[in-house]
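Structure file structure15.cif with mmCIF, C-alpha atoms:
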```cif
data_data
#
loop_
_atom_site.label_atom_id
_atom_site.label_comp_id
_atom_site.auth_asym_id
_atom_site.auth_seq_id
_atom_site.Cartn_x
_atom_site.Cartn_y
_atom_site.Cartn_z
CA MET W 334 13.87 6.66 -30.71
CA SER W 335 10.78 6.77 -28.51
CA LEU W 336 12.53 7.03 -25.13
CA ALA W 337 14.49 10.03 -23.83
CA LEU W 338 16.65 7.85 -21.54
CA ASP W 339 19.81 6.60 -23.29
CA PRO W 340 20.01 2.85 -24.01
CA ALA W 341 22.73 2.20 -21.41
CA ALA W 342 20.55 3.70 -18.68
CA GLN W 343 17.56 1.73 -19.95
CA ASP W 344 19.61 -1.46 -19.65
CA LEU W 345 20.87 -0.53 -16.17
CA LEU W 346 17.40 0.18 -14.83
CA PHE W 347 15.32 -2.39 -16.73
CA ARG W 348 16.59 -4.68 -19.50
CA GLU W 349 19.73 -6.04 -17.82
CA ALA W 350 18.57 -5.66 -14.22
CA ARG W 351 17.34 -8.73 -12.39
CA THR W 352 16.43 -9.76 -8.88
CA ALA W 353 19.83 -10.54 -7.35
CA ASN W 354 20.28 -13.75 -5.39
CA THR W 355 23.95 -13.38 -4.45
CA PHE W 356 26.08 -10.37 -3.59
CA THR W 357 29.73 -9.49 -3.11
CA ASP W 358 30.83 -8.50 0.39
CA GLU W 359 31.31 -4.85 -0.65
CA PRO W 360 29.39 -2.75 1.89
CA VAL W 361 26.47 -0.49 1.03
CA THR W 362 27.00 2.85 2.75
CA ASP W 363 24.51 5.15 4.42
CA GLU W 364 25.54 7.77 1.85
CA GLN W 365 24.49 5.46 -0.98
CA VAL W 366 21.14 4.78 0.66
CA GLN W 367 20.58 8.50 1.22
CA ALA W 368 21.42 9.23 -2.43
CA ILE W 369 18.93 6.56 -3.50
CA TYR W 370 16.20 8.03 -1.31
CA ASP W 371 16.99 11.60 -2.37
CA LEU W 372 16.40 10.53 -5.98
CA VAL W 373 13.30 8.35 -5.60
CA LYS W 374 11.43 10.61 -3.18
CA TYR W 375 10.30 12.60 -6.21
CA GLY W 376 8.19 9.77 -7.61
CA PRO W 377 4.50 10.73 -7.80
CA THR W 378 1.96 9.51 -5.26
CA ALA W 379 -1.66 10.40 -4.54
CA PHE W 380 -1.90 13.68 -2.62
CA ASN W 381 1.92 13.71 -2.47
CA GLN W 382 1.65 11.28 0.42
CA THR W 383 4.81 9.55 1.58
CA PRO W 384 3.79 6.39 3.43
CA LEU W 385 6.91 4.34 2.64
CA ARG W 386 9.17 3.67 5.61
CA ILE W 387 12.58 2.02 5.27
CA THR W 388 14.16 0.08 8.11
CA LEU W 389 17.83 -0.70 7.42
CA VAL W 390 18.90 -3.94 9.06
CA ARG W 391 22.63 -3.49 9.70
CA SER W 392 23.60 -5.10 13.01
CA PRO W 393 24.32 -8.84 13.15
CA GLU W 394 21.75 -9.21 15.94
CA ALA W 395 19.01 -7.52 13.93
CA ARG W 396 19.92 -9.56 10.86
CA GLU W 397 19.60 -12.78 12.86
CA ARG W 398 16.20 -11.66 14.14
CA LEU W 399 15.05 -10.94 10.57
CA VAL W 400 16.40 -14.11 8.97
CA LYS W 401 14.28 -16.31 11.23
CA HIS W 402 11.14 -14.66 9.75
CA MET W 403 12.18 -15.22 6.13
CA ALA W 404 10.96 -18.15 4.03
CA GLU W 405 13.45 -21.01 4.03
CA GLY W 406 14.75 -20.27 0.52
CA ASN W 407 15.27 -16.58 1.33
CA ARG W 408 17.25 -17.09 4.55
CA PRO W 409 20.76 -17.68 3.17
CA LYS W 410 20.70 -14.71 0.81
CA THR W 411 19.22 -12.42 3.46
CA ALA W 412 21.89 -13.52 5.94
CA ALA W 413 24.67 -12.84 3.40
CA ALA W 414 23.52 -9.61 1.69
CA PRO W 415 25.61 -6.51 2.46
CA LEU W 416 22.46 -4.57 3.41
CA VAL W 417 18.86 -5.54 3.99
CA ALA W 418 15.93 -3.10 4.07
CA ILE W 419 12.45 -3.74 5.41
CA LEU W 420 9.98 -1.64 3.42
CA SER W 421 6.74 -0.84 5.18
CA ALA W 422 3.68 1.39 4.87
CA ASP W 423 3.03 3.98 7.57
CA ASN W 424 -0.73 3.95 8.16
CA GLU W 425 -0.49 7.32 9.90
CA PHE W 426 1.07 9.00 6.85
CA HIS W 427 -1.75 11.55 6.83
CA GLU W 428 -0.16 13.41 9.76
CA ASP W 429 2.49 14.70 7.32
CA LEU W 430 0.00 15.81 4.67
CA PRO W 431 -0.37 19.45 5.80
CA ALA W 432 3.39 19.92 5.26
CA LEU W 433 3.54 17.81 2.08
CA LEU W 434 0.40 19.30 0.52
CA PRO W 435 0.46 22.92 1.75
CA HIS W 436 -2.01 24.12 -0.89
CA PHE W 437 -4.62 21.62 0.36
CA PRO W 438 -3.96 20.90 4.06
CA GLN W 439 -7.61 19.94 4.67
CA ALA W 440 -7.00 16.72 2.66
CA LYS W 441 -5.70 15.14 5.87
CA ASP W 442 -9.12 15.20 7.53
CA MET W 443 -11.30 15.34 4.43
CA PHE W 444 -10.01 12.10 2.89
CA PHE W 445 -8.00 10.23 5.51
CA ALA W 446 -9.83 10.58 8.83
CA GLU W 447 -10.85 6.89 8.82
CA ARG W 448 -8.22 4.20 9.43
CA PRO W 449 -9.42 1.70 6.75
CA VAL W 450 -9.17 4.40 4.07
CA ARG W 451 -5.67 5.32 5.26
CA GLU W 452 -4.53 1.70 5.29
CA GLN W 453 -5.66 1.16 1.70
CA SER W 454 -4.05 4.36 0.49
CA ALA W 455 -0.86 3.68 2.44
CA LEU W 456 -0.60 0.20 0.96
CA VAL W 457 -1.04 1.33 -2.65
CA ASN W 458 1.20 4.38 -2.43
CA ALA W 459 3.95 2.74 -0.35
CA ALA W 460 4.03 -0.12 -2.87
CA LEU W 461 4.46 2.48 -5.61
CA GLN W 462 7.28 4.08 -3.64
CA ALA W 463 8.86 0.66 -3.06
CA ALA W 464 9.01 0.18 -6.82
CA TYR W 465 10.75 3.55 -7.17
CA PHE W 466 13.16 2.46 -4.42
CA ILE W 467 14.12 -0.70 -6.34
CA VAL W 468 14.75 1.34 -9.51
CA GLY W 469 16.78 3.79 -7.40
CA VAL W 470 18.94 0.95 -6.07
CA ARG W 471 19.64 -0.01 -9.70
CA ALA W 472 20.39 3.62 -10.58
CA ALA W 473 23.06 3.58 -7.86
CA GLY W 474 24.79 0.71 -9.67
CA LEU W 475 23.63 -1.78 -7.06
CA ALA W 476 21.36 -4.80 -7.31
CA ALA W 477 18.14 -5.35 -5.41
CA GLY W 478 16.64 -8.63 -4.28
CA PRO W 479 13.05 -7.81 -3.28
CA MET W 480 11.23 -10.62 -1.47
CA THR W 481 7.75 -11.20 -0.12
CA GLY W 482 8.49 -14.72 1.07
CA LEU W 483 8.43 -13.94 4.77
CA ASP W 484 6.32 -14.08 7.91
CA PHE W 485 4.75 -10.62 7.68
CA ALA W 486 3.22 -10.73 11.16
CA GLY W 487 6.55 -11.85 12.62
CA VAL W 488 8.48 -9.06 10.89
CA GLN W 489 5.91 -6.50 12.03
CA LYS W 490 6.11 -7.68 15.63
CA GLU W 491 9.91 -7.89 15.59
CA PHE W 492 10.72 -4.58 13.88
CA LEU W 493 7.65 -2.38 13.45
CA ASP W 494 4.49 -1.38 15.31
CA ALA W 495 0.76 -1.54 14.71
CA ASP W 496 0.86 1.61 12.56
CA HIS W 497 3.37 0.14 10.08
CA THR W 498 2.50 -2.67 7.66
CA PRO W 499 5.45 -4.57 6.17
CA LEU W 500 5.46 -4.78 2.36
CA MET W 501 8.68 -6.60 1.50
CA VAL W 502 12.29 -7.18 2.40
CA VAL W 503 14.96 -6.04 -0.07
CA ASN W 504 18.52 -7.36 -0.14
CA ILE W 505 20.90 -4.73 -1.54
CA GLY W 506 24.48 -4.83 -2.78
CA LYS W 507 26.84 -5.40 -5.69
CA PRO W 508 25.76 -8.56 -7.52
CA GLY W 509 27.89 -11.59 -6.79
CA GLU W 510 28.81 -14.62 -8.84
CA ASP W 511 25.80 -16.30 -10.43
CA ALA W 512 23.60 -13.54 -9.02
CA TRP W 513 20.93 -13.86 -11.69
CA PHE W 514 18.55 -16.51 -12.84
CA PRO W 515 17.95 -16.46 -16.61
CA ARG W 516 15.57 -13.72 -17.72
CA SER W 517 12.00 -14.96 -17.45
CA PRO W 518 9.49 -14.18 -20.20
CA ARG W 519 7.28 -11.10 -20.08
CA LEU W 520 3.89 -10.48 -21.61
CA SER W 521 3.91 -8.63 -24.93
CA PHE W 522 2.48 -5.17 -25.53
CA ASP W 523 -0.57 -6.65 -27.27
CA GLU W 524 -1.26 -8.95 -24.32
CA VAL W 525 -1.31 -6.08 -21.86
CA VAL W 526 -2.49 -2.92 -23.61
CA THR W 527 -6.06 -2.31 -24.75
CA THR W 528 -7.15 0.84 -26.53
CA VAL W 529 -10.77 1.94 -26.14
#
```
Output the structure of this file as structure tokens.
Amino acid sequence: MSLALDPAAQDLLFREARTANTFTDEPVTDEQVQAIYDLVKYGPTAFNQTPLRITLVRSPEARERLVKHMAEGNRPKTAAAPLVAILSADNEFHEDLPALLPHFPQAKDMFFAERPVREQSALVNAALQAAYFIVGVRAAGLAAGPMTGLDFAGVQKEFLDADHTPLMVVNIGKPGEDAWFPRSPRLSFDEVVTTV
């Protein structure tokens, strides 16, 4: 066997996991979210930067404010999910670099003094962290419904500030009845991998 992870865990994280469209009403606790973060925070990023920010939308008022910024087809499932998270990139992530990269604290000013460079790096590395977050949700035995069908400017204005760029909204919970669409095809190894 080529993989160290046992087949059941492979199925849980990848083969059987899908983007969930419906959820049960079982709540997702703060303890579950903390356990997810405490696992996925170890995923590698450039310069050990941590630009991902997670905004948990729990109150009915906040949920209503978010739903109005979702694409029409995403509104019902966002309104009904047990928990919704807004994932964003902190464009001022470099302020934490001296603590996160103690052996190379000068990286903050050497590489990230200019805002456009920070924004690009924040976007790439927060997207990487968002992918870890989705796998972490699956590792917790929950389902994730990541969505980019939303009014990004509206979500930023409603929930974030100019230093935080929204990446996606993720519905989280136990999958409900008919939660999954059929598995869509994927490209084969030979279609993706080139050896030079």
Using all atoms listed in the file, find the one residue out of W:Phe492, W:Phe380, W:Phe514, W:Phe522 that sits nearest to W:Arg396.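 Using all atoms listed in the file, W:Arg396 sits closest to W:Phe492.
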For W:Asn381, which of W:Arg398, W:Lys410, W:Arg351, W:His427 is the closest residue, counting all atoms listed in the file? W:His427
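Residues surrounding W:Pro384 within 9 Å are Gln382, Arg386, Ser421, Ala422, Asp423, Asn424, Glu425, Phe426, His427, Ser454, Ala455, Leu456, Asn458, Ala459 and Gln462 of chain W [all atoms listed in the file; sequence separation below 2 positions excluded].
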Convert the current residue selection to file output with C-alpha atoms, as a compact mmCIF listing (two decimals), in the coordinates of the input.
```txt
# COMPACT_ATOMS: atom_id res chain seq x y z
CA GLN W 382 1.65 11.28 0.42
CA ARG W 386 9.17 3.67 5.61
CA SER W 421 6.74 -0.84 5.18
CA ALA W 422 3.68 1.39 4.87
CA ASP W 423 3.03 3.98 7.57
CA ASN W 424 -0.73 3.95 8.16
CA GLU W 425 -0.49 7.32 9.90
CA PHE W 426 1.07 9.00 6.85
CA HIS W 427 -1.75 11.55 6.83
CA SER W 454 -4.05 4.36 0.49
CA ALA W 455 -0.86 3.68 2.44
CA LEU W 456 -0.60 0.20 0.96
CA ASN W 458 1.20 4.38 -2.43
CA ALA W 459 3.95 2.74 -0.35
CA GLN W 462 7.28 4.08 -3.64
```
Residues near W:Ala413, anyone? I mean within 8 Å using all atoms listed in the file, not counting same-chain ones fewer than 4 positions away, as a PDB file with C-alpha atoms, keeping the file's coordinate frame.
```pdb
ATOM      1  CA  THR W 355      23.950 -13.380  -4.450  1.00  0.00           C
ATOM      2  CA  PHE W 356      26.080 -10.370  -3.590  1.00  0.00           C
ATOM      3  CA  PRO W 409      20.760 -17.680   3.170  1.00  0.00           C
TER       4      PRO W 409
END
```
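Distances from W:Leu430, W:Val400, W:Ala486, W:Ala473 to W:Gln367 were compared using only C-alpha atoms, and the smallest one belongs to W:Ala473.
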Where does the PyMOL selection byres ((chain W and resi 436-440) around 12) land in this file, that is, which residues does it pick, as a PyMOL selection string? chain W and resi 379-382+426-435+441-446+451
For W:Trp513, the nearest of the candidates W:Asp363, W:Ala477, W:Ala404, W:Ile419, counting all atoms listed in the file: W:Ala477
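Atom CA of W:Gly482 is positioned 29.5 Å from atom CA of W:Val526.
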Residue nearest W:Ala512 among W:Val488, W:Leu372, W:Leu493, W:Ala414 (counting all atoms listed in the file): W:Ala414
Go through W:Val373, W:Tyr465, W:Thr357, W:Asp496 one by one, measure the shortest atom-to-atom distance of each to W:Pro449 using all atoms listed in the file, and give the residue with the smallest value.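 For W:Pro449, the nearest of the given residues is W:Asp496.
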For this file, the PyMOL selection byres ((chain W and resi 350) around 12) selects which residues, as a ChimeraX atom specification? /W:341-349,351-353,467-472,474-478,507-508,512-517
